[in-house]
Structure formats: C-alpha cells, structure tokens
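Enquirer: Here it is: the structure, laid out below.
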Amino acid sequence: MAVVLDLLHNDARPRHPEKAHRPDQPIQRKPDWIRVKAPGSPGWAETQRIVREHGLVTVCEEAGCPNIGECWEKKHATFMIMGDTCTRACAFCNVRTGLPQGLDGKEPARVADAVARLGLSHVVITSVDRDDLADGGAAHFAAVIRAIRGSSPGTTIEVLTPDFLRKDGALEVVVAARPDVFNHNLETVPAKYLKVRPGARYFHSVRLLQRVKELDPQMFTKSGIMVGLGEERNEVLQLMDDLRSAEVDFLTIGQYLQPTKKHHPVLRFVPPEEFRAYETTAYAKGFLLVSATPLTRSSHHAGADFARLQQARRDRLATA
C-alpha cells in the first residue's frame, strides 16, 4: 500500500496527504512469530462478495488487518460505518484521511442485511472519526444497532467507537441503544499520544469508558493498545491500572505493524513471552478477560471472546 496513491480503491487522490511530506521510515522484516493466513479461500471470497454487494466498508480492508484471511474465511467481517475517510490523522493508522462525505441514511439497513446474510451471531461495528458531525456520528451508531436488532434479534453487538471528543451527549446516545459490548481503544500509553494519536486525549478516553459504566453498569466495556511504539513496560502497567479504575472488563494488547514507510515506525517487535507476561499481570489486576498476543486485534475472535467474557462474569459473581 503506497501512501502517495490510494491503491486500495484505485483512486488517484492521496490516501494520507498529511503524511506525504514525512521522511520515509524503513519497514522492518517481521519476525518468525508473526505469520498469518493469506486471503483467498472460498469463504473469504463469499464474505467479500456480500460486503461489495451491500456497498459497505470494512476496517479489515481499510486498516490492512493481518487477520483478514482467517476472519473472512469464517465470514467474520467488521463493518466500518460513516464512510472510508477519517477526520483524524493518527500516525499508526492506514485508514484514509481527509474531509468525509455526508452520512448515508440507508447504510444502517444495508449493514443489518449483510449481518443477516453472513449469519453472524456476534458483530463488531466500528467507524472512522467524524469530528465534522455535531454528535460525532453517535446517532448513526444507534441507528445501525437498532437496524441489526430488528433483522437479527439473536445477534450480539459490539461497538468500537471514536472518542466523541467535545461532543456533549453523544456517548449517552450510543449507550442508550444498548450494544452488548462498548469498546474504545486507548491505542497507546499517554506519553506517546502527541506523536501517535495527536487528535485524541488520553484521560478523556479513559473517562469515556468510565462513563459507560456509570450509565449502564451491566454493559461490558473493552479497550485495547498496541505495543512496539516505544512504550515502556511500567507505562503499560500504569495504563492497565487506569483502565481498571474505569472498571473496564476486557483488555486487548497486540503488536503494532507499520502500514507504509510514511507511518510511525515499529520500534520493537515484542516477543510472545512478553505478551504472556502482560496477560498474567492484567488478570492479576482484575480484568475479566485479556487477549495479549502479537496478532491480537480488537475484533479478532470477538464472538468467541464475548462468550468467554460472559462466562468470566458469571464465574466471578458465583465466587463473590
């Protein structure tokens, strides 16, 4: 994927115009422990066909997720609503940046129909940041949730939302739509925000997750980070404490992989044993569920993880 042209969509417009002036950062060779299944199976092709027929965007493709071959083979696609263009310019993300188009009022129905066609028992809905909208897209999230509930009442719904920074009342709209899991990723430790996530505010994101629990104590909350961006171990442990102070239930930790030479470089490939150590520590701090591996991503194995999350809550209540 070149940064100069948007090859994903055969589009002559720059995909990341704000990064074009940056010096190239060499892309390191991936270690042996980072190996993924190449896309192309019949199941993958069927998932792609349904996504295309419904005119939908997936974060699997837009963000260049390494797990797309595995997930799409099982017809597990993560839908990215409100377009393919983000108003933020995070240093790690491969989603197109720029001025988005207006919202498509028919998108909720198309997402709901695709969920039914794929036969999903659990679906993850995420979005680009829409700082251009008065509510950050909260009402659109709610409309998608309602549409899925209407056509697939047995499907559990996980949302992975933006931070709704300076969008008073937006979070309440999404929570009122009653998703089963509310996810908002911190992405990295606070010391790295200025370079990695400059448009966001760390403690606002922590507070967002805490506010979800205040609004609905029974709603599962989830957050994730990437490692390999130059963070220190003690910073990751402090982040865990911050999330537990916000009563977050589920933590994901995965290896950052550099999309192009214009993105933030991988400063370190974290070995599997360190991920296992993070997992052990996170469980000791009280998370109901932890997924920490090099290839962990927010929506990877989300359906199976939701079942594990429910069981973990039942087990904890039984021993309380």
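How things are named: the first chain in the structure tokens is A, the next is B, and so on; residues count from 1 in each chain; ligands count from 1 in the order shown.
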Considering only C-alpha atoms, return as a ChimeraX atom specification whatever protein or nucleic-acid residues lie within 12 Å of Glu247 of chain A, sequence-local ones (same chain, fewer than 4 positions apart) excluded.

Expert: /A:206-214,216-223,240-243,251,285-288

Enquirer: Just the strand (DSSP E or B) stuff from segment 102-264 of chain A, please, per backbone DSSP, written as a list in words.

Expert: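 Those residues are His122, Val123, Val124, Ile125, Thr126, Ser127, Thr156, Ile157, Glu158, Val159, Leu160, Val181, Phe182, Asn183, Glu187, Phe220, Thr221, Lys222, Ser223, Gly224, Ile225, Met226, Val227, Phe250, Leu251, Thr252, Ile253, Gly254 and Gln255 of chain A.
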
Enquirer: Which is closest to Phe79 of chain A among A:Ala114, A:Ile125, A:Ala91, A:Val290, if we use only C-alpha atoms?

Expert: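 Ranked by minimum distance to Phe79 of chain A, first place goes to A:Ile125.
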
Enquirer: Looking at only C-alpha atoms, which of A:Ala112, A:His76, A:Arg130, A:Asp163 is the one that sits closest to Ile148 of chain A?

Expert: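 Comparing A:Ala112, A:His76, A:Arg130, A:Asp163 against Ile148 of chain A, the winner is A:Ala112.
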
Enquirer: For Ser205 of chain A, find every residue with an atom within 12 Å (counting only C-alpha atoms), except residues of its own chain fewer than 4 positions away, and show them as a PyMOL selection string.

Expert: chain A and resi 161-166+171+183-190+193+197+199-201+209-212+222-224+239+242-243+246+248
